Amino acid sequence: MKRRSLWLKIISAAVLFGAWQIAGMIPVSYAFPTFFESMAALVRMAFDGTLLMAYIETLRPLVVGVGISAVLGIGLGLWIGLSARFDWLFSPIFIVMQAAPLAALIPLLVMAYGIGLTSKVFVVCIMAMPVIVLNTASAVRNTPASLKEMGRSFLASDRMIMLRIIIPAASPVIFSGLRLGVSAGFIGAVLAELKITPTGVGDIITYSRSIADYPAMYAAIFSIILLAVLFLNFLERLEVYLFEGNVRGYASD
Amino acid sequence: MVMPQIKEAVNVTDMPQSDNAVVARKVSKTYGDVEALRELSLEFPRGQLTSLLGPSGCGKTTLLKIIAGLLKPNSGEIEVNGKPVTGPGPDRAFVFQDFALMPWANVLRNVAFGLELRGVAKSEREAVAEKYIAEVGLAGFEKSYPHQLSGGMRQRVGLARALSVDADVLLMDEPFSAVDEQTRRKFQEDLLNLVQHENKTFIFVTHSIEEAVYVSDQIAILLPRPSRVSEIIRPTDLRHKNVDNIRRDPEYLDIVDSIWASLRSYVE
Ligand SMILES: Nc1ncnc2c1ncn2[C@@H]1O[C@H](COP(=O)(O)OP(=O)(O)O)[C@@H](O)[C@H]1O
Ligand SMILES: [Mg+2]
C-alpha cells in the first residue's frame with residue numbers, strides 16, 4: 001500500500017515534468033522555459049548561494065506567520081468551537097478575513113506597519129489563520145456526543161475530555177485545516193514579497209523576470225512549491241505519528 | 001380468553017426485596033415539550049439482571065442515562081447503594097449502543113481508558129485491561145484499532161472497558177442491537193455467564209422481547225411516553241434451567257407471548 005502510493009507519486013511527478021518539458025520545447029511562450037533549463041537554473045542558484053540567501057529572507061515571515069497562525073488559530077478555534085458566545089463574537093471576523101481580497105489590504109498594512117517583517121507576517125497570518133480557526137472550530141463542534149458522554153461516564157474532568165477526547169477526535173479536521181493554512185501561508189509569504197518589498201524568493205522572481213532570465217524565475221517558483229510540498233508531507237507524517245488509528249479510518253466506517 | 005392461562009405462566013410475584021443496588025423514585029424527565037418519563041419508580045435487585053423493555057422512543061435510554069448521572073431528571077431521584085445520584089460515579093459503568101470507542105486508540109488503550117481517567121499507572125491499568133480483553137475473548141487484538149474490528153468485537157471492547165473499572169452496576173444500552181444475529185446469541189450466552197460469575201448488578205436496555213426473557217432475572221416493561229413501568233415480570237424459574245434449552249422451554253415461550261400481548265396494542 002505504502003509502496004504503491006510512492007510509485008504513484010513518482011509517476012505523477014514524471015508525467016507533470018514531462019508535460020512541462022514538452023510545453024517548454026514547443027514552446028508555448030517564449031517566456032516559458034523547459035523543465036531541464038529550469039532545473040539547471042535551480043542547481044546553479046543552489047550552488048552560488050542565491051537560493052540560500054533568498055530563503056533566509058523568505059522563511060522568516062513564513063515561519064513566524066505560520067507558527068503564529070497554527071498556535072493562535074488552533075487555540076482560538078478550540079475556544080470558538082467550545083463556546084457559543086465566542087463563536088458569535090469571532091467567527092464572522094475569520095469568515096470575512098477568509099473572503100477578503102488580500103491585495104486590497106496590503107496597502108493598509110504597509111501604511112500601518114511599514115514595509116518590514118511585521119507587515120509580511122500579517123500577510124502570512126491573514127492567509128493562513130482563517131482556515132485553521134474555522135476548521136478547528138467546526139471539528140470541535142462536531143465531536144461525537146457519545147464520545148464526550150463516554151468520557152463523562154468514566155469520570156473524566158472537563159480538562160481531560162478536552163485533551164483526551166475532543167482534541168484527538170478533532171485532529172483529522174484540524175490537520176486538514178493546518179495543511180490548507182500552511183499552503184495559504186506559503187502563497188502569502190511570496191505574495192508579500194511581490195507586493196510589499198521584493199526580498200528573498202520574491203526578489204529572485206521579480207529580478208529574473210525583469211532581465212528576462214525565465215529559467216531562474218521558474219526555478220524560484222518551483223523551489224517554493226517543492227518546499228511547500230515537503231512541508232505538507234512532514235505534517236502528514238506528524239499526524240500519523242500522533243494519531244495513528246485516526247488516519248487509518250473511523251470506527252463508524 | 002388466553003389471558004388467564006398466560007398470567008399463570010408468568011410469575012408476577014412480589015418477592016421479598018431485601019437488597020436493591022439501584023432504586024428509581026418517581027423520576028420524571030421532559031425534553032422541551034416531550035415528556036419522556038413520568039414519575040417512574042423501579043427497583044433493581046443487587047446481583048441480578050434487570051431488563052428495560054419497551055418500544056423505541058419510550059424513554060429507555062433516558063432512564064439509563066439518568067441512572068448513569070449523565071442526565072438530570074426534572075424531578076424524582078435515583079439511589080445507588082443507598083446514596084442519591086448527583087452525577088457519574090465509580091459505582092456505575094456504561095456500555096454504549098454505538099460502542100463509543102476512540103478511533104485513534106488501540107483496543108488496549110480503549111479498554112484501559114476508564115482507568116487512565118482515574119489516574120491508574122500505565123503498567124497497572126494495562127495489566128487489568130489485558131485480563132478483561134482476554135475475558136471477553138479478544139486476546140491477541142490488543143494492538144488493533146477499532147476500525148479493524150467487526151461490530152461484535154467492538155462491542156466486546158466496550159464491555160471490557162466497562163468491566164475493567166470494576167463498578168457495582170453495569171448499565172448497558174441496547175449493547176447487542178448493532179451486531180448480527182449469530183454474534184448476538186453468543187453475546188446473550190456470555191452475558192448470562194457474566195451475571196452468574198461477576199458479582200454485579202446489570203441494567204440492560206433492549207427492545208427485543210426474546211432477548212429480555214432469555215437474559216433477565218427481572219423485566220420491566222415500559223410503555224410509550226410519558227413512560228412508566230407498566231409491568232414487572234420475573235422469569236425466575238427459567239434461570240435455573242439449562243441455558244441450551246431455554247429457547248424451547250414452554251415457560252419461555254409463554255412469557256414471550258404474554259409480553260407481546262401487553263405490548264402489541266402500542267405498536268401500530
Ligand atoms: N436530547 C433530546 N432532546 C429532545 N428529545 C429527546 C432527546 N433525547 C430523547 N428525546 C425524546 O425522548 C423520548 C425518549 O427517548 P429515548 O430515551 O432515547 O428512548 P428509547 O431509548 O426508549 O428509544 C423520545 O421520544 C425521544 O425523541
Ligand atoms: Mg435508546
# chains A, B, ... in the order shown; residues from 1 in each chain; ligands from 1
>>> interface_residues(of="chain B", to="chain A", cutoff="7 Å", atoms="only C-alpha atoms", output="ChimeraX atom specification")
/B:68,70,88-89,93-94,100,103-105,114,117,145-147
>>> write_last_selection(atoms="N, CA and C atoms", output="PDB file, in the first residue's frame")
ATOM      1  N   ALA B  68     -27.129   6.710  35.119  1.00  0.00           N
ATOM      2  CA  ALA B  68     -25.681   6.889  34.973  1.00  0.00           C
ATOM      3  C   ALA B  68     -25.219   8.235  35.506  1.00  0.00           C
ATOM      4  N   LEU B  70     -25.656  10.936  33.740  1.00  0.00           N
ATOM      5  CA  LEU B  70     -25.333  11.747  32.565  1.00  0.00           C
ATOM      6  C   LEU B  70     -26.425  12.771  32.278  1.00  0.00           C
ATOM      7  N   PRO B  88     -22.121  11.200  37.358  1.00  0.00           N
ATOM      8  CA  PRO B  88     -21.477   9.909  37.134  1.00  0.00           C
ATOM      9  C   PRO B  88     -20.625   9.509  38.346  1.00  0.00           C
ATOM     10  N   GLY B  89     -20.480   8.228  38.593  1.00  0.00           N
ATOM     11  CA  GLY B  89     -19.696   7.792  39.751  1.00  0.00           C
ATOM     12  C   GLY B  89     -18.973   6.494  39.474  1.00  0.00           C
ATOM     13  N   ALA B  93     -20.837   1.766  35.498  1.00  0.00           N
ATOM     14  CA  ALA B  93     -20.105   1.816  34.231  1.00  0.00           C
ATOM     15  C   ALA B  93     -21.094   1.608  33.103  1.00  0.00           C
ATOM     16  N   PHE B  94     -20.839   2.256  31.977  1.00  0.00           N
ATOM     17  CA  PHE B  94     -21.803   2.305  30.885  1.00  0.00           C
ATOM     18  C   PHE B  94     -21.269   1.550  29.664  1.00  0.00           C
ATOM     19  N   ALA B 100     -19.016   3.727  21.283  1.00  0.00           N
ATOM     20  CA  ALA B 100     -18.278   4.894  21.785  1.00  0.00           C
ATOM     21  C   ALA B 100     -16.803   4.559  22.030  1.00  0.00           C
ATOM     22  N   PRO B 103     -11.468   6.092  17.972  1.00  0.00           N
ATOM     23  CA  PRO B 103     -10.852   5.506  16.781  1.00  0.00           C
ATOM     24  C   PRO B 103      -9.336   5.665  16.746  1.00  0.00           C
ATOM     25  N   TRP B 104      -8.823   6.663  17.466  1.00  0.00           N
ATOM     26  CA  TRP B 104      -7.371   6.903  17.418  1.00  0.00           C
ATOM     27  C   TRP B 104      -6.619   6.041  18.437  1.00  0.00           C
ATOM     28  N   ALA B 105      -7.350   5.282  19.245  1.00  0.00           N
ATOM     29  CA  ALA B 105      -6.687   4.490  20.276  1.00  0.00           C
ATOM     30  C   ALA B 105      -6.871   3.005  19.969  1.00  0.00           C
ATOM     31  N   GLY B 114     -10.962   3.943  31.034  1.00  0.00           N
ATOM     32  CA  GLY B 114     -11.623   4.283  32.292  1.00  0.00           C
ATOM     33  C   GLY B 114     -10.624   4.403  33.432  1.00  0.00           C
ATOM     34  N   LEU B 117      -8.364   7.515  33.016  1.00  0.00           N
ATOM     35  CA  LEU B 117      -9.001   8.742  33.513  1.00  0.00           C
ATOM     36  C   LEU B 117      -8.966   8.822  35.034  1.00  0.00           C
ATOM     37  N   TYR B 145      -6.866  -1.510  15.984  1.00  0.00           N
ATOM     38  CA  TYR B 145      -7.667  -0.305  16.112  1.00  0.00           C
ATOM     39  C   TYR B 145      -9.128  -0.645  15.849  1.00  0.00           C
ATOM     40  N   PRO B 146     -10.053   0.142  16.421  1.00  0.00           N
ATOM     41  CA  PRO B 146     -11.467  -0.176  16.293  1.00  0.00           C
ATOM     42  C   PRO B 146     -11.927  -0.446  14.862  1.00  0.00           C
ATOM     43  N   HIS B 147     -11.409   0.351  13.901  1.00  0.00           N
ATOM     44  CA  HIS B 147     -11.912   0.159  12.535  1.00  0.00           C
ATOM     45  C   HIS B 147     -11.476  -1.168  11.936  1.00  0.00           C
TER      46      HIS B 147
END
>>> residues_around(residues="region 153-165 of chain B", least_positions_apart="5", cutoff="8 Å", atoms="only C-alpha atoms", output="PyMOL selection string")
chain B and resi 90+93-96+99-101+107+110-115+128-129+132-133+135-138+146+170+175-176
>>> closest_residue(among="B:Leu49, B:Leu191, B:Leu222, B:Val243", to="ligand 1", atoms="only C-alpha atoms and all ligand atoms")
B:Leu222
>>> residues_near_ligand(ligand="ligand 1", cutoff="10 Å", atoms="only C-alpha atoms and all ligand atoms", output="PDB file with N, CA and C atoms, in the first residue's frame")
ATOM      1  N   LYS B  29     -38.905  13.151  33.495  1.00  0.00           N
ATOM      2  CA  LYS B  29     -37.960  13.862  32.627  1.00  0.00           C
ATOM      3  C   LYS B  29     -38.704  14.370  31.402  1.00  0.00           C
ATOM      4  N   THR B  30     -38.544  15.637  31.112  1.00  0.00           N
ATOM      5  CA  THR B  30     -39.102  16.173  29.870  1.00  0.00           C
ATOM      6  C   THR B  30     -37.980  16.814  29.064  1.00  0.00           C
ATOM      7  N   TYR B  31     -38.096  16.651  27.739  1.00  0.00           N
ATOM      8  CA  TYR B  31     -37.206  17.382  26.820  1.00  0.00           C
ATOM      9  C   TYR B  31     -38.087  18.423  26.141  1.00  0.00           C
ATOM     10  N   GLY B  32     -37.986  19.673  26.497  1.00  0.00           N
ATOM     11  CA  GLY B  32     -38.885  20.660  25.898  1.00  0.00           C
ATOM     12  C   GLY B  32     -40.318  20.277  26.170  1.00  0.00           C
ATOM     13  N   ASP B  33     -41.096  20.023  25.098  1.00  0.00           N
ATOM     14  CA  ASP B  33     -42.499  19.613  25.336  1.00  0.00           C
ATOM     15  C   ASP B  33     -42.628  18.100  25.351  1.00  0.00           C
ATOM     16  N   VAL B  34     -41.550  17.387  25.048  1.00  0.00           N
ATOM     17  CA  VAL B  34     -41.661  15.932  25.036  1.00  0.00           C
ATOM     18  C   VAL B  34     -41.493  15.400  26.452  1.00  0.00           C
ATOM     19  N   GLU B  35     -42.540  14.750  26.923  1.00  0.00           N
ATOM     20  CA  GLU B  35     -42.462  14.181  28.260  1.00  0.00           C
ATOM     21  C   GLU B  35     -41.974  12.743  28.114  1.00  0.00           C
ATOM     22  N   ALA B  36     -40.723  12.501  28.454  1.00  0.00           N
ATOM     23  CA  ALA B  36     -40.143  11.182  28.211  1.00  0.00           C
ATOM     24  C   ALA B  36     -40.488  10.209  29.353  1.00  0.00           C
ATOM     25  N   LEU B  37     -40.324  10.649  30.593  1.00  0.00           N
ATOM     26  CA  LEU B  37     -40.633   9.783  31.736  1.00  0.00           C
ATOM     27  C   LEU B  37     -41.571  10.528  32.674  1.00  0.00           C
ATOM     28  N   LEU B  52     -34.826  -3.355  30.784  1.00  0.00           N
ATOM     29  CA  LEU B  52     -35.832  -2.341  30.495  1.00  0.00           C
ATOM     30  C   LEU B  52     -36.290  -2.633  29.075  1.00  0.00           C
ATOM     31  N   LEU B  53     -37.562  -3.000  28.965  1.00  0.00           N
ATOM     32  CA  LEU B  53     -38.060  -3.441  27.670  1.00  0.00           C
ATOM     33  C   LEU B  53     -39.196  -2.519  27.246  1.00  0.00           C
ATOM     34  N   GLY B  54     -39.150  -2.087  26.000  1.00  0.00           N
ATOM     35  CA  GLY B  54     -40.239  -1.245  25.525  1.00  0.00           C
ATOM     36  C   GLY B  54     -39.956  -0.796  24.120  1.00  0.00           C
ATOM     37  N   PRO B  55     -40.996  -0.296  23.446  1.00  0.00           N
ATOM     38  CA  PRO B  55     -40.813   0.132  22.065  1.00  0.00           C
ATOM     39  C   PRO B  55     -39.840   1.309  21.963  1.00  0.00           C
ATOM     40  N   SER B  56     -39.299   1.547  20.772  1.00  0.00           N
ATOM     41  CA  SER B  56     -38.363   2.649  20.554  1.00  0.00           C
ATOM     42  C   SER B  56     -39.002   3.976  20.935  1.00  0.00           C
ATOM     43  N   GLY B  57     -38.214   4.830  21.526  1.00  0.00           N
ATOM     44  CA  GLY B  57     -38.701   6.167  21.860  1.00  0.00           C
ATOM     45  C   GLY B  57     -39.489   6.226  23.143  1.00  0.00           C
ATOM     46  N   CYS B  58     -39.519   5.122  23.912  1.00  0.00           N
ATOM     47  CA  CYS B  58     -40.334   5.161  25.122  1.00  0.00           C
ATOM     48  C   CYS B  58     -39.533   5.649  26.325  1.00  0.00           C
ATOM     49  N   GLY B  59     -38.265   5.932  26.149  1.00  0.00           N
ATOM     50  CA  GLY B  59     -37.517   6.552  27.239  1.00  0.00           C
ATOM     51  C   GLY B  59     -36.545   5.633  27.949  1.00  0.00           C
ATOM     52  N   LYS B  60     -36.194   4.505  27.349  1.00  0.00           N
ATOM     53  CA  LYS B  60     -35.270   3.566  27.999  1.00  0.00           C
ATOM     54  C   LYS B  60     -33.877   4.176  28.142  1.00  0.00           C
ATOM     55  N   THR B  61     -33.387   4.740  27.053  1.00  0.00           N
ATOM     56  CA  THR B  61     -32.063   5.362  27.106  1.00  0.00           C
ATOM     57  C   THR B  61     -32.056   6.513  28.107  1.00  0.00           C
ATOM     58  N   THR B  62     -33.140   7.280  28.089  1.00  0.00           N
ATOM     59  CA  THR B  62     -33.248   8.402  29.022  1.00  0.00           C
ATOM     60  C   THR B  62     -33.114   7.924  30.465  1.00  0.00           C
ATOM     61  N   LEU B  63     -33.855   6.870  30.807  1.00  0.00           N
ATOM     62  CA  LEU B  63     -33.781   6.353  32.175  1.00  0.00           C
ATOM     63  C   LEU B  63     -32.369   5.872  32.496  1.00  0.00           C
ATOM     64  N   LEU B  64     -31.761   5.170  31.545  1.00  0.00           N
ATOM     65  CA  LEU B  64     -30.418   4.636  31.798  1.00  0.00           C
ATOM     66  C   LEU B  64     -29.404   5.773  32.002  1.00  0.00           C
ATOM     67  N   LYS B  65     -29.532   6.823  31.214  1.00  0.00           N
ATOM     68  CA  LYS B  65     -28.605   7.953  31.355  1.00  0.00           C
ATOM     69  C   LYS B  65     -28.849   8.719  32.646  1.00  0.00           C
ATOM     70  N   ILE B  66     -30.088   8.734  33.091  1.00  0.00           N
ATOM     71  CA  ILE B  66     -30.351   9.376  34.384  1.00  0.00           C
ATOM     72  C   ILE B  66     -29.709   8.551  35.497  1.00  0.00           C
ATOM     73  N   LEU B  71     -27.641  12.472  32.737  1.00  0.00           N
ATOM     74  CA  LEU B  71     -28.759  13.399  32.574  1.00  0.00           C
ATOM     75  C   LEU B  71     -29.356  13.667  33.943  1.00  0.00           C
ATOM     76  N   GLN B  97     -24.595   1.917  23.142  1.00  0.00           N
ATOM     77  CA  GLN B  97     -25.213   1.283  21.982  1.00  0.00           C
ATOM     78  C   GLN B  97     -24.310   1.394  20.749  1.00  0.00           C
ATOM     79  N   ASP B 173     -26.856  -0.118  27.219  1.00  0.00           N
ATOM     80  CA  ASP B 173     -27.915   0.429  26.369  1.00  0.00           C
ATOM     81  C   ASP B 173     -27.965  -0.300  25.035  1.00  0.00           C
ATOM     82  N   GLU B 174     -28.916  -1.182  24.890  1.00  0.00           N
ATOM     83  CA  GLU B 174     -29.046  -1.990  23.669  1.00  0.00           C
ATOM     84  C   GLU B 174     -27.676  -2.386  23.128  1.00  0.00           C
ATOM     85  N   VAL B 205     -30.849  -2.521  28.618  1.00  0.00           N
ATOM     86  CA  VAL B 205     -31.932  -1.987  27.798  1.00  0.00           C
ATOM     87  C   VAL B 205     -32.039  -2.793  26.514  1.00  0.00           C
ATOM     88  N   THR B 206     -33.241  -3.145  26.153  1.00  0.00           N
ATOM     89  CA  THR B 206     -33.426  -3.858  24.894  1.00  0.00           C
ATOM     90  C   THR B 206     -34.813  -3.565  24.353  1.00  0.00           C
ATOM     91  N   HIS B 207     -34.981  -3.728  23.035  1.00  0.00           N
ATOM     92  CA  HIS B 207     -36.353  -3.673  22.522  1.00  0.00           C
ATOM     93  C   HIS B 207     -36.762  -5.055  22.025  1.00  0.00           C
ATOM     94  N   LEU B 222     -41.766  -0.996  29.853  1.00  0.00           N
ATOM     95  CA  LEU B 222     -42.077   0.433  29.811  1.00  0.00           C
ATOM     96  C   LEU B 222     -43.040   0.668  28.656  1.00  0.00           C
ATOM     97  N   LEU B 223     -44.036   1.513  28.912  1.00  0.00           N
ATOM     98  CA  LEU B 223     -44.964   1.832  27.842  1.00  0.00           C
ATOM     99  C   LEU B 223     -44.682   3.232  27.338  1.00  0.00           C
ATOM    100  N   PRO B 224     -45.117   3.486  26.082  1.00  0.00           N
ATOM    101  CA  PRO B 224     -44.728   4.740  25.443  1.00  0.00           C
ATOM    102  C   PRO B 224     -45.124   5.988  26.227  1.00  0.00           C
ATOM    103  N   ARG B 225     -44.495   7.077  25.808  1.00  0.00           N
ATOM    104  CA  ARG B 225     -44.473   8.347  26.510  1.00  0.00           C
ATOM    105  C   ARG B 225     -45.856   8.797  26.967  1.00  0.00           C
ATOM    106  N   PRO B 226     -45.939   9.463  28.101  1.00  0.00           N
ATOM    107  CA  PRO B 226     -44.862   9.533  29.089  1.00  0.00           C
ATOM    108  C   PRO B 226     -44.697   8.183  29.757  1.00  0.00           C
ATOM    109  N   SER B 227     -43.468   7.734  29.837  1.00  0.00           N
ATOM    110  CA  SER B 227     -43.227   6.347  30.161  1.00  0.00           C
ATOM    111  C   SER B 227     -43.259   6.075  31.659  1.00  0.00           C
TER     112      SER B 227
END
>>> residues_around(residues="region 81-91 of chain A", least_positions_apart="6", cutoff="9 Å", atoms="only C-alpha atoms", output="ChimeraX atom specification")
/A:133-134,136-142
>>> select_by_dssp(residues="region 4-181 of chain B", states="alpha helix (DSSP H)", output="PDB file with C-alpha atoms, in the first residue's frame")
ATOM      1  CA  PRO B   4     -55.709 -16.350  32.417  1.00  0.00           C
ATOM      2  CA  GLN B   5     -53.543 -19.103  31.043  1.00  0.00           C
ATOM      3  CA  ILE B   6     -50.741 -16.663  30.357  1.00  0.00           C
ATOM      4  CA  LYS B   7     -50.967 -14.980  33.708  1.00  0.00           C
ATOM      5  CA  GLU B   8     -50.460 -18.333  35.285  1.00  0.00           C
ATOM      6  CA  ALA B   9     -47.288 -18.968  33.344  1.00  0.00           C
ATOM      7  CA  LYS B  60     -35.270   3.566  27.999  1.00  0.00           C
ATOM      8  CA  THR B  61     -32.063   5.362  27.106  1.00  0.00           C
ATOM      9  CA  THR B  62     -33.248   8.402  29.022  1.00  0.00           C
ATOM     10  CA  LEU B  63     -33.781   6.353  32.175  1.00  0.00           C
ATOM     11  CA  LEU B  64     -30.418   4.636  31.798  1.00  0.00           C
ATOM     12  CA  LYS B  65     -28.605   7.953  31.355  1.00  0.00           C
ATOM     13  CA  ILE B  66     -30.351   9.376  34.384  1.00  0.00           C
ATOM     14  CA  ILE B  67     -29.183   6.374  36.403  1.00  0.00           C
ATOM     15  CA  ALA B  68     -25.681   6.889  34.973  1.00  0.00           C
ATOM     16  CA  VAL B 107      -8.004  -1.883  21.852  1.00  0.00           C
ATOM     17  CA  LEU B 108      -5.690  -1.885  24.856  1.00  0.00           C
ATOM     18  CA  ARG B 109      -5.906   1.872  25.360  1.00  0.00           C
ATOM     19  CA  ASN B 110      -9.665   1.902  24.785  1.00  0.00           C
ATOM     20  CA  VAL B 111     -10.223  -0.786  27.387  1.00  0.00           C
ATOM     21  CA  ALA B 112      -7.847   0.866  29.845  1.00  0.00           C
ATOM     22  CA  PHE B 113      -9.342   4.317  29.248  1.00  0.00           C
ATOM     23  CA  GLY B 114     -11.623   4.283  32.292  1.00  0.00           C
ATOM     24  CA  LEU B 115      -8.634   3.524  34.498  1.00  0.00           C
ATOM     25  CA  GLU B 116      -6.480   6.033  32.624  1.00  0.00           C
ATOM     26  CA  LEU B 117      -9.001   8.742  33.513  1.00  0.00           C
ATOM     27  CA  LYS B 122       0.093   2.703  32.893  1.00  0.00           C
ATOM     28  CA  SER B 123       1.526  -0.725  33.645  1.00  0.00           C
ATOM     29  CA  GLU B 124      -1.143  -1.426  36.218  1.00  0.00           C
ATOM     30  CA  ARG B 125      -4.095  -0.369  34.082  1.00  0.00           C
ATOM     31  CA  GLU B 126      -2.775  -2.261  31.082  1.00  0.00           C
ATOM     32  CA  ALA B 127      -2.489  -5.414  33.134  1.00  0.00           C
ATOM     33  CA  VAL B 128      -6.128  -5.059  34.190  1.00  0.00           C
ATOM     34  CA  ALA B 129      -7.178  -4.241  30.627  1.00  0.00           C
ATOM     35  CA  GLU B 130      -5.355  -7.273  29.253  1.00  0.00           C
ATOM     36  CA  LYS B 131      -7.159  -9.502  31.703  1.00  0.00           C
ATOM     37  CA  TYR B 132     -10.587  -8.273  30.605  1.00  0.00           C
ATOM     38  CA  ILE B 133      -9.645  -8.259  26.935  1.00  0.00           C
ATOM     39  CA  ALA B 134      -8.901 -11.964  27.333  1.00  0.00           C
ATOM     40  CA  GLU B 135     -12.096 -12.451  29.320  1.00  0.00           C
ATOM     41  CA  GLY B 151     -19.217  -4.736  15.184  1.00  0.00           C
ATOM     42  CA  GLY B 152     -19.418  -7.610  17.629  1.00  0.00           C
ATOM     43  CA  MET B 153     -15.747  -7.298  18.513  1.00  0.00           C
ATOM     44  CA  ARG B 154     -16.111  -3.552  19.017  1.00  0.00           C
ATOM     45  CA  GLN B 155     -18.892  -4.131  21.493  1.00  0.00           C
ATOM     46  CA  ARG B 156     -16.695  -6.622  23.326  1.00  0.00           C
ATOM     47  CA  VAL B 157     -14.155  -3.837  23.654  1.00  0.00           C
ATOM     48  CA  GLY B 158     -16.879  -1.592  25.093  1.00  0.00           C
ATOM     49  CA  LEU B 159     -17.843  -4.342  27.508  1.00  0.00           C
ATOM     50  CA  ALA B 160     -14.237  -4.959  28.574  1.00  0.00           C
ATOM     51  CA  ARG B 161     -13.814  -1.236  29.198  1.00  0.00           C
ATOM     52  CA  ALA B 162     -16.874  -1.200  31.450  1.00  0.00           C
ATOM     53  CA  LEU B 163     -15.744  -4.343  33.297  1.00  0.00           C
ATOM     54  CA  SER B 164     -12.222  -3.086  33.879  1.00  0.00           C
ATOM     55  CA  GLU B 181     -27.905 -12.266  14.914  1.00  0.00           C
TER      56      GLU B 181
END
>>> closest_residue(among="B:Met172, B:Ile259, B:Val120, B:Val80", to="ligand 2", atoms="only C-alpha atoms and all ligand atoms")
B:Met172
>>> closest_residue(among="B:Gly140, B:Val215, B:Asn242, B:Asp98", to="ligand 2", atoms="only C-alpha atoms and all ligand atoms")
B:Asp98
>>> atom_distance(atom1="CA of Leu16 (chain A)", atom2="CA of Phe36 (chain A)")
12.8 Å
>>> atom_distance(atom1="CA of Leu42 (chain B)", atom2="CA of Ala212 (chain B)")
16.6 Å
>>> select_by_dssp(residues="region 31-267 of chain B", states="strand (DSSP E or B)", output="VMD selection string")
chain B and resid 31 34 to 45 49 to 53 75 to 80 83 to 84 92 to 95 169 to 173 201 to 206 218 to 222 227 229 to 233
>>> atom_distance(atom1="CA of Lys200 (chain B)", atom2="CA of Arg46 (chain B)")
7.1 Å
>>> closest_residue(among="A:Phe234, A:Trp79, A:Tyr207, A:Tyr55", to="Met162 (chain A)", atoms="only C-alpha atoms")
A:Trp79
>>> decode(residues="region 45-91 of chain B", atoms="C-alpha atoms", output="mmCIF file, in the first residue's frame")
data_model
loop_
_atom_site.group_PDB
_atom_site.id
_atom_site.type_symbol
_atom_site.label_atom_id
_atom_site.label_comp_id
_atom_site.auth_asym_id
_atom_site.auth_seq_id
_atom_site.Cartn_x
_atom_site.Cartn_y
_atom_site.Cartn_z
ATOM 1 C CA PRO B 45 -32.120 -6.062 42.946
ATOM 2 C CA ARG B 46 -28.402 -6.485 43.629
ATOM 3 C CA GLY B 47 -26.533 -9.113 41.667
ATOM 4 C CA GLN B 48 -29.351 -9.554 39.175
ATOM 5 C CA LEU B 49 -30.001 -8.521 35.623
ATOM 6 C CA THR B 50 -32.949 -6.226 35.101
ATOM 7 C CA SER B 51 -34.092 -5.505 31.562
ATOM 8 C CA LEU B 52 -35.832 -2.341 30.495
ATOM 9 C CA LEU B 53 -38.060 -3.441 27.670
ATOM 10 C CA GLY B 54 -40.239 -1.245 25.525
ATOM 11 C CA PRO B 55 -40.813 0.132 22.065
ATOM 12 C CA SER B 56 -38.363 2.649 20.554
ATOM 13 C CA GLY B 57 -38.701 6.167 21.860
ATOM 14 C CA CYS B 58 -40.334 5.161 25.122
ATOM 15 C CA GLY B 59 -37.517 6.552 27.239
ATOM 16 C CA LYS B 60 -35.270 3.566 27.999
ATOM 17 C CA THR B 61 -32.063 5.362 27.106
ATOM 18 C CA THR B 62 -33.248 8.402 29.022
ATOM 19 C CA LEU B 63 -33.781 6.353 32.175
ATOM 20 C CA LEU B 64 -30.418 4.636 31.798
ATOM 21 C CA LYS B 65 -28.605 7.953 31.355
ATOM 22 C CA ILE B 66 -30.351 9.376 34.384
ATOM 23 C CA ILE B 67 -29.183 6.374 36.403
ATOM 24 C CA ALA B 68 -25.681 6.889 34.973
ATOM 25 C CA GLY B 69 -25.785 10.508 36.123
ATOM 26 C CA LEU B 70 -25.333 11.747 32.565
ATOM 27 C CA LEU B 71 -28.759 13.399 32.574
ATOM 28 C CA LYS B 72 -30.557 15.201 35.375
ATOM 29 C CA PRO B 73 -34.194 14.258 35.969
ATOM 30 C CA ASN B 74 -36.710 17.094 36.289
ATOM 31 C CA SER B 75 -37.928 15.537 39.491
ATOM 32 C CA GLY B 76 -37.556 12.351 41.471
ATOM 33 C CA GLU B 77 -34.323 10.692 42.425
ATOM 34 C CA ILE B 78 -32.068 7.733 41.845
ATOM 35 C CA GLU B 79 -30.292 5.937 44.644
ATOM 36 C CA VAL B 80 -27.272 3.720 44.046
ATOM 37 C CA ASN B 81 -26.176 1.663 47.040
ATOM 38 C CA GLY B 82 -28.419 3.847 49.189
ATOM 39 C CA LYS B 83 -26.812 7.111 48.105
ATOM 40 C CA PRO B 84 -28.568 9.619 45.841
ATOM 41 C CA VAL B 85 -27.035 10.076 42.402
ATOM 42 C CA THR B 86 -25.764 13.555 41.584
ATOM 43 C CA GLY B 87 -23.570 12.696 38.623
ATOM 44 C CA PRO B 88 -21.477 9.909 37.134
ATOM 45 C CA GLY B 89 -19.696 7.792 39.751
ATOM 46 C CA PRO B 90 -17.208 4.958 40.107
ATOM 47 C CA ASP B 91 -20.034 2.619 41.165
#
